Structures are given as C-alpha cells and as structure tokens.
file input_9.csv (CSV, C-alpha atoms and all ligand atoms)
chain,number,residue,atom,x,y,z
N,195,MET,CA,83.4,-64.4,-32.9
N,196,ARG,CA,83.2,-60.7,-33.3
N,197,LYS,CA,80.9,-60.5,-30.3
N,198,ARG,CA,83.5,-62.4,-28.2
N,199,ILE,CA,86.3,-60.1,-29.3
N,200,LEU,CA,84.2,-57.1,-28.3
N,201,GLU,CA,83.5,-58.7,-24.9
N,202,LEU,CA,87.2,-59.2,-24.4
N,203,LEU,CA,88.0,-55.6,-25.3
N,204,ARG,CA,85.2,-54.3,-23.1
N,205,GLU,CA,86.4,-56.4,-20.2
N,206,ASN,CA,90.0,-55.0,-20.6
N,207,GLY,CA,88.7,-51.4,-20.4
N,208,GLN,CA,91.3,-48.8,-21.3
N,209,GLU,CA,94.2,-51.3,-21.1
N,210,PRO,CA,95.6,-52.7,-24.4
N,211,LEU,CA,94.8,-56.3,-25.2
N,212,SER,CA,97.3,-58.0,-27.6
N,213,GLY,CA,96.3,-59.7,-30.8
N,214,GLU,CA,98.1,-62.7,-29.5
N,215,ASP,CA,96.1,-62.9,-26.3
N,216,ILE,CA,92.9,-62.6,-28.2
N,217,SER,CA,93.9,-65.3,-30.7
N,218,LYS,CA,94.9,-67.7,-27.8
N,219,LYS,CA,91.7,-67.0,-25.9
N,220,LEU,CA,89.5,-67.6,-28.9
N,221,ASN,CA,91.6,-70.2,-30.6
N,222,ILE,CA,91.8,-68.3,-33.9
N,223,THR,CA,94.8,-67.0,-35.9
N,224,ARG,CA,96.1,-63.5,-35.4
N,225,THR,CA,95.2,-62.7,-39.0
N,226,ALA,CA,91.6,-63.7,-38.2
N,227,VAL,CA,91.7,-61.3,-35.1
N,228,TRP,CA,93.0,-58.5,-37.3
N,229,LYS,CA,90.2,-59.1,-39.9
N,230,HIS,CA,87.5,-59.0,-37.2
N,231,ILE,CA,89.0,-55.8,-35.7
N,232,GLN,CA,88.8,-54.2,-39.2
N,233,ALA,CA,85.2,-55.3,-39.6
N,234,LEU,CA,84.3,-53.9,-36.1
N,235,LYS,CA,86.0,-50.6,-37.1
N,236,SER,CA,83.9,-50.5,-40.3
N,237,GLU,CA,80.8,-50.8,-38.1
N,238,GLY,CA,81.8,-47.7,-36.3
N,239,TYR,CA,83.7,-49.1,-33.3
N,240,GLU,CA,86.7,-46.9,-32.5
N,241,ILE,CA,89.5,-49.4,-31.7
N,242,GLU,CA,93.0,-48.0,-31.2
N,243,SER,CA,95.9,-50.3,-32.3
N,244,LEU,CA,99.0,-49.6,-30.2
N,245,GLN,CA,102.2,-51.1,-31.7
N,246,LYS,CA,103.4,-54.2,-29.9
N,247,ARG,CA,100.8,-53.6,-27.1
N,248,GLY,CA,97.5,-54.4,-28.6
N,249,TYR,CA,94.0,-53.0,-29.1
N,250,ILE,CA,91.9,-50.7,-26.9
N,251,LEU,CA,88.2,-50.2,-27.4
N,252,ARG,CA,87.8,-46.4,-27.3
N,253,ARG,CA,84.3,-45.7,-28.4
N,254,ILE,CA,81.1,-47.7,-29.1
N,255,PRO,CA,78.9,-46.5,-32.0
N,256,ASP,CA,75.4,-45.2,-31.2
N,257,ARG,CA,73.7,-48.1,-33.0
N,258,LEU,CA,71.2,-50.7,-31.7
N,259,PHE,CA,73.4,-53.6,-32.6
N,260,PRO,CA,72.3,-56.9,-31.0
N,261,GLN,CA,75.7,-57.2,-29.2
N,262,GLU,CA,75.2,-53.7,-27.7
N,263,ILE,CA,71.7,-54.4,-26.6
N,264,ALA,CA,72.8,-57.8,-25.1
N,265,SER,CA,75.6,-56.1,-23.2
N,266,CYS,CA,73.2,-54.1,-21.1
N,267,LEU,CA,70.2,-56.3,-21.1
N,268,LYS,CA,69.1,-57.6,-17.7
N,269,THR,CA,66.0,-59.6,-18.7
N,270,LYS,CA,65.6,-63.4,-18.4
N,271,TRP,CA,63.8,-64.0,-21.7
N,272,LEU,CA,62.4,-60.8,-23.2
N,273,GLY,CA,64.7,-59.5,-26.0
N,274,ARG,CA,67.1,-62.4,-25.6
N,275,ASN,CA,66.6,-63.2,-29.3
N,276,ILE,CA,67.2,-60.1,-31.4
N,277,CYS,CA,66.5,-59.4,-35.1
N,278,TYR,CA,68.4,-56.2,-36.0
N,279,GLN,CA,67.5,-54.4,-39.3
N,280,GLU,CA,69.2,-51.3,-40.4
N,281,LYS,CA,66.2,-50.4,-42.4
N,282,VAL,CA,62.8,-52.1,-42.6
N,283,ASP,CA,59.3,-51.1,-43.7
N,284,SER,CA,57.8,-51.6,-40.2
N,285,THR,CA,59.2,-53.6,-37.3
N,286,ASN,CA,55.7,-54.7,-36.5
N,287,ASN,CA,55.3,-56.2,-40.0
N,288,PHE,CA,58.7,-57.9,-39.8
N,289,ALA,CA,57.9,-59.3,-36.3
N,290,LYS,CA,54.5,-60.6,-37.6
N,291,LYS,CA,56.3,-62.5,-40.4
N,292,LEU,CA,58.8,-64.0,-37.9
N,293,ALA,CA,55.9,-64.9,-35.5
N,294,ASN,CA,54.0,-66.6,-38.4
N,295,ASP,CA,57.2,-68.6,-39.0
N,296,GLY,CA,57.1,-69.7,-35.4
N,297,CYS,CA,59.7,-67.5,-33.7
N,298,LYS,CA,60.3,-67.7,-30.0
N,299,ASP,CA,58.3,-65.9,-27.3
N,300,GLY,CA,60.0,-62.6,-26.4
N,301,LEU,CA,61.7,-62.0,-29.8
N,302,LEU,CA,62.8,-58.4,-30.3
N,303,VAL,CA,62.8,-56.8,-33.8
N,304,VAL,CA,64.6,-53.5,-33.8
N,305,ALA,CA,65.5,-51.1,-36.6
N,306,GLU,CA,67.5,-47.9,-37.1
N,307,GLU,CA,65.0,-46.7,-39.6
N,308,GLN,CA,61.5,-47.6,-40.8
N,309,GLY,CA,60.4,-46.7,-44.3
N,310,ALA,CA,56.7,-47.3,-43.6
N,311,GLY,CA,56.3,-47.2,-39.8
N,312,LYS,CA,52.7,-47.8,-38.8
N,313,GLY,CA,50.7,-45.8,-36.2
N,314,ARG,CA,47.3,-46.3,-34.6
N,315,LEU,CA,44.1,-45.7,-36.5
N,316,SER,CA,45.9,-46.4,-39.9
N,317,ARG,CA,48.2,-43.5,-39.4
N,318,GLY,CA,51.9,-43.5,-40.3
N,319,TRP,CA,54.8,-43.2,-37.9
N,320,ILE,CA,57.9,-41.2,-38.9
N,321,SER,CA,61.0,-43.1,-38.0
N,322,PRO,CA,64.2,-41.4,-39.1
N,323,TYR,CA,67.6,-43.2,-39.1
N,324,ALA,CA,69.1,-43.6,-35.6
N,325,LYS,CA,66.9,-40.8,-34.2
N,326,GLY,CA,64.6,-43.1,-32.2
N,327,ILE,CA,64.1,-46.6,-30.9
N,328,TRP,CA,61.8,-48.3,-33.3
N,329,PHE,CA,61.1,-51.8,-32.1
N,330,SER,CA,58.6,-54.6,-31.7
N,331,VAL,CA,58.4,-57.6,-29.4
N,332,VAL,CA,56.6,-60.8,-30.0
N,333,LEU,CA,54.7,-62.2,-27.0
N,334,LYS,CA,52.7,-65.4,-26.7
N,335,PRO,CA,50.6,-64.7,-23.7
N,336,PRO,CA,48.3,-67.3,-22.0
N,337,PHE,CA,45.5,-64.7,-21.8
N,338,LEU,CA,42.3,-64.7,-23.6
N,339,PRO,CA,42.2,-62.6,-26.8
N,340,GLN,CA,40.0,-59.9,-25.2
N,341,GLU,CA,42.8,-59.3,-22.7
N,342,ALA,CA,45.4,-58.5,-25.3
N,343,SER,CA,44.7,-54.7,-25.3
N,344,LYS,CA,45.8,-54.6,-21.7
N,345,CYS,CA,49.3,-55.4,-22.8
N,346,THR,CA,49.3,-52.0,-24.5
N,347,LEU,CA,48.8,-50.3,-21.2
N,348,LEU,CA,51.4,-52.5,-19.7
N,349,ALA,CA,53.9,-51.4,-22.4
N,350,ALA,CA,53.1,-47.8,-21.8
N,351,VAL,CA,53.9,-48.2,-18.1
N,352,ALA,CA,57.2,-50.0,-18.9
N,353,VAL,CA,58.2,-47.2,-21.3
N,354,VAL,CA,57.2,-44.2,-19.1
N,355,LYS,CA,59.1,-45.6,-16.1
N,356,ALA,CA,62.2,-46.1,-18.2
N,357,VAL,CA,62.2,-42.7,-19.9
N,358,ASN,CA,61.5,-40.9,-16.6
N,359,ASN,CA,64.6,-42.5,-15.1
N,360,ILE,CA,66.6,-40.1,-17.4
N,361,LYS,CA,67.4,-36.9,-15.6
N,362,GLY,CA,65.1,-34.1,-16.7
N,363,VAL,CA,62.4,-36.3,-18.3
N,364,LYS,CA,58.9,-36.2,-16.7
N,365,ALA,CA,56.6,-37.9,-19.2
N,366,ALA,CA,53.1,-39.1,-18.7
N,367,ILE,CA,50.6,-41.5,-20.3
N,368,LYS,CA,47.7,-40.3,-22.3
N,369,TRP,CA,45.0,-43.0,-22.6
N,370,PRO,CA,45.4,-45.6,-23.8
N,371,ASN,CA,49.1,-45.6,-24.6
N,372,ASP,CA,50.6,-42.4,-25.9
N,373,ILE,CA,53.5,-41.0,-23.9
N,374,LEU,CA,53.5,-37.2,-23.7
N,375,LEU,CA,55.9,-34.7,-22.5
N,376,ASN,CA,54.4,-31.2,-21.8
N,377,GLY,CA,51.4,-32.2,-24.0
N,378,ARG,CA,53.6,-33.3,-27.0
N,379,LYS,CA,54.0,-36.9,-28.1
N,380,MET,CA,57.3,-38.6,-27.4
N,381,VAL,CA,56.3,-42.3,-27.7
N,382,GLY,CA,53.6,-44.3,-29.6
N,383,ILE,CA,52.6,-47.9,-29.1
N,384,LEU,CA,50.8,-50.1,-31.6
N,385,THR,CA,49.7,-53.6,-30.5
N,386,GLU,CA,48.6,-56.1,-33.1
N,387,MET,CA,47.3,-59.6,-32.4
N,388,ASN,CA,46.9,-62.9,-34.2
N,389,ALA,CA,44.3,-65.0,-32.4
N,390,GLU,CA,41.8,-67.8,-32.8
N,391,PHE,CA,38.6,-68.2,-30.8
N,392,GLY,CA,39.7,-68.3,-27.2
N,393,HIS,CA,43.4,-68.4,-27.9
N,394,ILE,CA,46.1,-65.9,-28.7
N,395,ASN,CA,48.7,-67.1,-31.2
N,396,TYR,CA,50.9,-64.1,-30.6
N,397,VAL,CA,50.8,-60.4,-29.8
N,398,VAL,CA,53.2,-57.9,-31.4
N,399,ILE,CA,53.8,-54.8,-29.4
N,400,GLY,CA,55.4,-52.1,-31.5
N,401,ILE,CA,56.9,-49.2,-29.7
N,402,GLY,CA,58.4,-46.0,-31.3
N,403,ILE,CA,60.4,-43.8,-28.9
N,404,ASN,CA,61.4,-40.6,-30.4
N,405,THR,CA,64.8,-40.1,-28.8
N,406,HIS,CA,66.4,-37.5,-31.1
N,407,ALA,CA,64.1,-36.5,-34.0
N,408,SER,CA,63.1,-32.9,-34.2
N,409,GLY,CA,62.1,-30.0,-36.5
N,410,SER,CA,63.0,-30.9,-40.1
N,411,ASP,CA,62.6,-34.7,-39.4
N,412,TYR,CA,58.9,-34.1,-39.4
N,413,PRO,CA,56.4,-32.7,-41.9
N,414,PRO,CA,55.3,-29.1,-40.9
N,415,GLU,CA,51.9,-30.3,-39.7
N,416,VAL,CA,53.2,-32.5,-37.0
N,417,ARG,CA,56.3,-30.6,-36.0
N,418,ASP,CA,54.7,-28.8,-33.0
N,419,LEU,CA,53.1,-32.0,-31.8
N,420,ALA,CA,56.2,-34.1,-31.4
N,421,VAL,CA,59.0,-34.0,-28.8
N,422,SER,CA,62.1,-36.1,-28.2
N,423,VAL,CA,63.7,-37.6,-25.1
N,424,ALA,CA,66.8,-35.5,-25.9
N,425,ASP,CA,64.7,-32.3,-25.8
N,426,ALA,CA,64.1,-32.9,-22.1
N,427,ALA,CA,67.1,-34.9,-21.0
N,428,ARG,CA,69.5,-33.0,-18.8
N,429,SER,CA,72.2,-35.7,-19.1
N,430,PRO,CA,73.4,-37.8,-22.1
N,431,PHE,CA,71.7,-41.2,-22.5
N,432,ARG,CA,72.4,-44.2,-24.7
N,433,ARG,CA,69.6,-45.6,-26.8
N,434,VAL,CA,70.6,-49.2,-26.1
N,435,GLU,CA,70.4,-48.6,-22.4
N,436,LEU,CA,67.0,-47.0,-22.6
N,437,LEU,CA,65.8,-50.0,-24.7
N,438,ALA,CA,67.2,-52.4,-22.2
N,439,ALA,CA,65.5,-50.6,-19.4
N,440,VAL,CA,62.1,-50.7,-21.2
N,441,LEU,CA,62.5,-54.4,-21.8
N,442,LYS,CA,63.4,-55.1,-18.2
N,443,ASN,CA,60.3,-53.2,-17.0
N,444,MET,CA,58.1,-54.9,-19.5
N,445,GLU,CA,59.3,-58.4,-18.5
N,446,GLU,CA,58.6,-57.7,-14.8
N,447,LEU,CA,55.2,-56.2,-15.4
N,448,TYR,CA,54.2,-59.0,-17.9
N,449,GLU,CA,55.3,-61.8,-15.5
N,450,LEU,CA,53.3,-60.1,-12.7
N,451,ALA,CA,50.2,-59.8,-15.0
N,452,VAL,CA,50.5,-63.5,-16.1
N,453,GLU,CA,50.7,-64.6,-12.4
N,454,GLN,CA,48.3,-62.1,-10.7
N,455,GLY,CA,46.3,-60.3,-13.4
N,456,PHE,CA,46.5,-56.7,-14.5
N,457,ALA,CA,45.5,-54.8,-11.3
N,458,PHE,CA,49.0,-53.8,-10.4
N,459,VAL,CA,49.7,-52.6,-14.0
N,460,PHE,CA,46.5,-50.5,-14.0
N,461,ASP,CA,47.5,-48.9,-10.7
N,462,GLU,CA,50.8,-48.0,-12.1
N,463,TRP,CA,49.1,-46.7,-15.2
N,464,ARG,CA,46.9,-44.5,-13.1
N,465,LYS,CA,50.0,-43.0,-11.3
N,466,TYR,CA,51.5,-41.9,-14.6
N,467,SER,CA,48.3,-40.9,-16.4
N,468,CYS,CA,47.8,-37.3,-17.7
N,469,THR,CA,44.3,-38.2,-18.8
N,470,LEU,CA,42.5,-39.0,-15.6
N,471,GLY,CA,40.8,-36.0,-14.0
N,472,GLU,CA,41.0,-34.0,-17.2
N,473,LYS,CA,38.3,-32.6,-19.5
N,474,VAL,CA,38.4,-34.7,-22.7
N,475,LYS,CA,36.8,-34.8,-26.1
N,476,VAL,CA,36.0,-38.3,-27.2
N,477,ILE,CA,35.8,-39.0,-30.9
N,478,ALA,CA,34.1,-42.4,-31.0
N,479,PRO,CA,33.2,-44.2,-34.2
N,480,GLU,CA,29.5,-43.3,-33.8
N,481,ARG,CA,29.6,-39.9,-32.1
N,482,THR,CA,31.8,-37.2,-30.5
N,483,TYR,CA,31.2,-36.0,-27.0
N,484,LEU,CA,32.7,-34.0,-24.2
N,485,GLY,CA,33.3,-35.0,-20.6
N,486,THR,CA,35.8,-35.7,-17.8
N,487,ALA,CA,38.0,-38.8,-17.7
N,488,VAL,CA,37.4,-40.3,-14.3
N,489,ASP,CA,39.2,-43.7,-14.3
N,490,ILE,CA,40.0,-46.9,-16.3
N,491,ASP,CA,37.9,-50.0,-15.7
N,492,SER,CA,39.1,-53.6,-15.1
N,493,ASP,CA,39.5,-54.0,-18.9
N,494,GLY,CA,41.7,-50.9,-19.2
N,495,LEU,CA,38.9,-48.9,-20.9
N,496,LEU,CA,38.6,-45.2,-20.2
N,497,LEU,CA,35.6,-44.2,-18.1
N,498,VAL,CA,34.3,-40.7,-19.0
N,499,LYS,CA,31.6,-38.8,-17.2
N,500,THR,CA,29.9,-36.9,-20.0
N,501,ASN,CA,28.9,-33.3,-19.6
N,502,ASP,CA,25.2,-34.5,-19.4
N,503,GLY,CA,26.0,-36.8,-16.5
N,504,HIS,CA,26.3,-40.3,-18.0
N,505,LEU,CA,29.2,-42.6,-17.5
N,506,GLU,CA,30.6,-43.9,-20.8
N,507,ARG,CA,33.3,-46.5,-21.5
N,508,VAL,CA,35.5,-45.6,-24.3
N,509,VAL,CA,35.9,-48.8,-26.3
N,510,ALA,CA,37.3,-47.4,-29.5
N,511,GLY,CA,38.2,-44.0,-31.1
N,512,ASP,CA,40.4,-41.1,-30.2
N,513,VAL,CA,40.5,-39.1,-27.0
N,514,SER,CA,42.0,-35.6,-26.8
N,515,ILE,CA,42.6,-33.7,-23.6
N,516,ARG,CA,41.2,-30.2,-23.5
N,517,PRO,CA,42.7,-27.8,-23.0
N,518,ALA,CA,46.3,-29.2,-23.4
N,519,LYS,CA,47.8,-29.2,-19.9
N,520,THR,CA,51.1,-30.2,-18.3
N,521,VAL,CA,51.4,-33.6,-16.8
N,522,LYS,CA,49.4,-34.7,-13.8
N,523,GLY,CA,49.4,-37.9,-11.7
N,524,VAL,CA,52.7,-38.5,-10.0
N,525,TYR,CA,53.9,-35.0,-10.8
N,526,GLN,CA,50.9,-33.1,-9.6
N,601,LIG,C1,50.8,-44.5,-32.6
N,601,LIG,O1,50.9,-43.7,-31.6
N,601,LIG,O2,50.0,-44.2,-33.5
N,601,LIG,C2,51.5,-45.8,-32.6
N,601,LIG,C3,52.9,-45.7,-33.2
N,601,LIG,C4,53.7,-47.0,-33.1
N,601,LIG,C5,55.0,-46.8,-33.8
N,601,LIG,C6,55.9,-48.0,-33.6
N,601,LIG,S1,57.5,-47.8,-34.2
N,601,LIG,C7,57.9,-49.5,-34.0
N,601,LIG,C8,56.6,-50.2,-34.4
N,601,LIG,N1,56.6,-50.5,-35.9
N,601,LIG,C9,55.6,-49.8,-36.5
N,601,LIG,O3,55.4,-49.9,-37.7
N,601,LIG,N2,54.9,-49.1,-35.6
N,601,LIG,C10,55.4,-49.3,-34.2

call {"tool": "encode", "arguments": {"input": "input_9.csv", "output": "structure tokens"}}
result
Amino acid sequence: MRKRILELLRENGQEPLSGEDISKKLNITRTAVWKHIQALKSEGYEIESLQKRGYILRRIPDRLFPQEIASCLKTKWLGRNICYQEKVDSTNNFAKKLANDGCKDGLLVVAEEQGAGKGRLSRGWISPYAKGIWFSVVLKPPFLPQEASKCTLLAAVAVVKAVNNIKGVKAAIKWPNDILLNGRKMVGILTEMNAEFGHINYVVIGIGINTHASGSDYPPEVRDLAVSVADAARSPFRRVELLAAVLKNMEELYELAVEQGFAFVFDEWRKYSCTLGEKVKVIAPERTYLGTAVDIDSDGLLLVKTNDGHLERVVAGDVSIRPAKTVKGVYQ
C-alpha cells in the first residue's frame, strides 16, 4: 500500500494530492493514509502536508529501497524480485541462502551495509553504510559449469558501461573483473557457483560499487588503492539509478550470451580493458612471472606473452599491471 501511495505522489509531481483522493483511489480510510504517510516520513521521505490541499513528495531519501529501485528499473526479469537488507554479513551469502531455498532466477539482494563483505581470493570487502552499492544477483543459466566464470566478465562489462555513463567517469576493466579508475579500484566482482556435474544450479554474482566511500572509510593500507564514483563524477548521480542501469546492461548482455554465446561480451570486454597491451606480473599458484597481456581467449582467460617468449593462459591467480598506468582501450 505504501508503494502505491508513493506512486500516486510521484505521479502528482509538485502538485498537492489530497488525503481524500488517495483514500478513494486506494480504497482505504483517511486515517490509514495518514499512518502510511507518517511511516514514509520515518523512512526519510520528505512529504509536505499542506492544510486542506494535501501532500507533496518533496524529496526521496538516498536509500536502495525496493520501491525506489523498481521505480527506475527497465529490465524484464533481472532484479524484478528484490530482497533489501539494511545490514547483512554478505549479500552473496544471503543470496546463496535464498537460492538454496529455491528463489526465482534474477533475484536481487541489496544492502546498505555489509558487516563481512567478501572479496576474491578470500579477501574481505569494506562496505560502509550507504556509501556504495553492495548487491548480488542470482542467475540460473543454461550454460555448462565451466562457462560460469564468463558471467563475471559479462558483469564487469555491464558495470563499466553504466558507470561510464556518469559525466566525468572513465573507468576500465582490469582482468578479469576489477573496475579501475586511474589505476585505483572502484568496483569488485565476486562470482560464486552451485553446480553438479554438467549442470549449474545457480550462480551468484556479487558486485560492490564504491560510490561514495573515501579516506577514513578504509584502513590506511588500502586507502590509496581505492576510488569512488563520486570522486570522478562531475554531476550528481543517484545510487538507485546506477544500480538500475547496471541491471539493464546485465540483462541485455546475458540474454545475448544465452542466445549467441559470449563472443560479443568478450569484444565489449576488450574495448574497456586496461590490461590488454600492458606489461603484467602474474602471480599464479605455482609460480610468478612477467610478460605482456595480449588478449583473452574464448574462455575469457588472459593470454600473456611471457618475457621469455611463451604464451601462457592465466587460469588462476592474481595479475598486476606494471607500471600502474591510466586507462587504455576505448580511451586510448
Ligand atoms: C573483489 O574484488 O575482491 C570482489 C569484491 C566483491 C564485493 C561484493 S559486494 C557485494 C557482494 N557481497 C559480497 O560479500 N561480496 C560481493
């Protein structure tokens, strides 16, 4: 009901809408309307009450409430079911629980804060309250399990395109799926899978977009490595709109990948890469080596021409670009 009242107020713009009109349209009492308005105010909505004229929605809070996401979402199915948590340990863990309980394909779990956000390679992920978009989506792809990691590259393309639509932001993808701005990390992606032999039960793609965290939000050792969207943005942006744009891109790329394979996704990935063409240091589980990143292969694995002339596929491990450089690819 609260969602419907908000919709009516939104539709009415800056014109007052009377309690009586709302009560008639929604078939509830005027007291019930008043109670819902009070509840919305307590959630941070600024609603002005003009005597004898009605209510005007003046300001929407900067929260990732489902009704706010839904109001700007343009997807068909991705993110159409939303589980909003003000605080959670990890949206990936929460999404996995819901997936194990049989949630729908395309479920979105989003939080204002994570107490134990997870990063790649067993690292943590700092996720302060309302300073980022910390979210996970559950997908049930028809691919084989060995293809799941390609979804991570797909997610990186979806995010980089969305953030780069914000004036002033020119981010790029570091293989496989970090999104960097001037060599500093702005977005991390962690994909987890539940599969059986030859069949994926579900994939959880967890994405952390640092929109506003800075300085004291981070421990000293990572402070210089992180950057936020707001640091680069030259115009204000709303977190819900950025999230909706990522989901829209992701849905389009995913549907294309299901129908035609990942070639298009990989071409897009190449355009936004800041790894290809760069000198890199590869820390693989068994050895560390230097070389030049030349391409990704049809599995999305990085191909590195080593300094002694061999071509290596990077299957696992960490790749660092040396020396740290500004973005390449589409911005070269
Ligand atoms: C990395 O770069 O190491 C990956 C970081 C992934 C962070 C996101 S935030 C939302 C989701 N939930 C988590 O616990 N992790 C991912």

call {"tool": "residues_around", "arguments": {"input": "input_9.csv", "residues": "Ala349 (chain N)", "least_positions_apart": "2", "cutoff": "8 Å", "atoms": "all atoms listed in the file", "output": "list of chain:residue names"}}
result
N:Cys345, N:Thr346, N:Leu347, N:Val351, N:Ala352, N:Val353, N:Asn371, N:Ile383, N:Ile399, N:Met444

call {"tool": "residues_near_ligand", "arguments": {"input": "input_9.csv", "ligand": "ligand LIG 601 (chain N)", "cutoff": "10 Å", "atoms": "only C-alpha atoms and all ligand atoms", "output": "MDAnalysis selection string"}}
result
chainID N and resid 282:289 303:305 307:321 326:331 370:373 379:386 398:404

call {"tool": "closest_residue", "arguments": {"input": "input_9.csv", "among": "N:Leu301, N:Met195, N:Leu202, N:Ile250", "to": "Gly273 (chain N)", "atoms": "all atoms listed in the file"}}
result
N:Leu301

call {"tool": "residues_around", "arguments": {"input": "input_9.csv", "residues": "Ile490 (chain N)", "least_positions_apart": "5", "cutoff": "12 Å", "atoms": "only C-alpha atoms", "output": "PyMOL selection string"}}
result
chain N and resi 344+347+368-370+456-457+459-465+467+469-471+495-499+505-509

call {"tool": "residues_around", "arguments": {"input": "input_9.csv", "residues": "Lys197 (chain N)", "least_positions_apart": "3", "cutoff": "7 Å", "atoms": "all atoms listed in the file", "output": "PyMOL selection string"}}
result
chain N and resi 200-201+261

call {"tool": "residues_around", "arguments": {"input": "input_9.csv", "residues": "Glu242 (chain N)", "least_positions_apart": "4", "cutoff": "10 Å", "atoms": "only C-alpha atoms", "output": "NGL selection string"}}
result
:N and (210 or 231 or 235 or 248-253)

call {"tool": "closest_residue", "arguments": {"input": "input_9.csv", "among": "N:Cys468, N:Glu237, N:Cys277, N:Met387", "to": "Ile367 (chain N)", "atoms": "only C-alpha atoms"}}
result
N:Cys468

call {"tool": "closest_residue", "arguments": {"input": "input_9.csv", "among": "N:Asn275, N:Ser422, N:Ser408, N:Asn359", "to": "Leu374 (chain N)", "atoms": "only C-alpha atoms"}}
result
N:Ser422

call {"tool": "residues_around", "arguments": {"input": "input_9.csv", "residues": "Val434 (chain N)", "least_positions_apart": "3", "cutoff": "7 Å", "atoms": "all atoms listed in the file", "output": "list of chain:residue names"}}
result
N:Leu258, N:Glu262, N:Ile263, N:Leu437, N:Ala438

call {"tool": "closest_residue", "arguments": {"input": "input_9.csv", "among": "N:Ala426, N:Leu302, N:Leu436, N:Val397", "to": "Lys355 (chain N)", "atoms": "all atoms listed in the file"}}
result
N:Leu436

call {"tool": "closest_residue", "arguments": {"input": "input_9.csv", "among": "N:Cys266, N:Cys297, N:Ile254, N:Ala478", "to": "Lys334 (chain N)", "atoms": "only C-alpha atoms"}}
result
N:Cys297

call {"tool": "atom_distance", "arguments": {"input": "input_9.csv", "atom1": "CA of Ala356 (chain N)", "atom2": "CA of Val421 (chain N)"}}
result
16.4 Å

call {"tool": "atom_distance", "arguments": {"input": "input_9.csv", "atom1": "CA of Val474 (chain N)", "atom2": "CA of Ala350 (chain N)"}}
result
19.7 Å

call {"tool": "closest_residue", "arguments": {"input": "input_9.csv", "among": "N:Tyr396, N:Val416, N:Thr269, N:Lys475", "to": "Arg516 (chain N)", "atoms": "only C-alpha atoms"}}
result
N:Lys475

call {"tool": "residues_near_point", "arguments": {"input": "input_9.csv", "point": "(39.5, -32.6, -20.4)", "cutoff": "7 Å", "atoms": "only C-alpha atoms", "output": "JSON, numbers by chain"}}
result
{"N": [472, 473, 474, 475, 485, 486, 487, 515, 516, 517]}

call {"tool": "atom_distance", "arguments": {"input": "input_9.csv", "atom1": "CA of Leu419 (chain N)", "atom2": "CA of Gln279 (chain N)"}}
result
27.7 Å
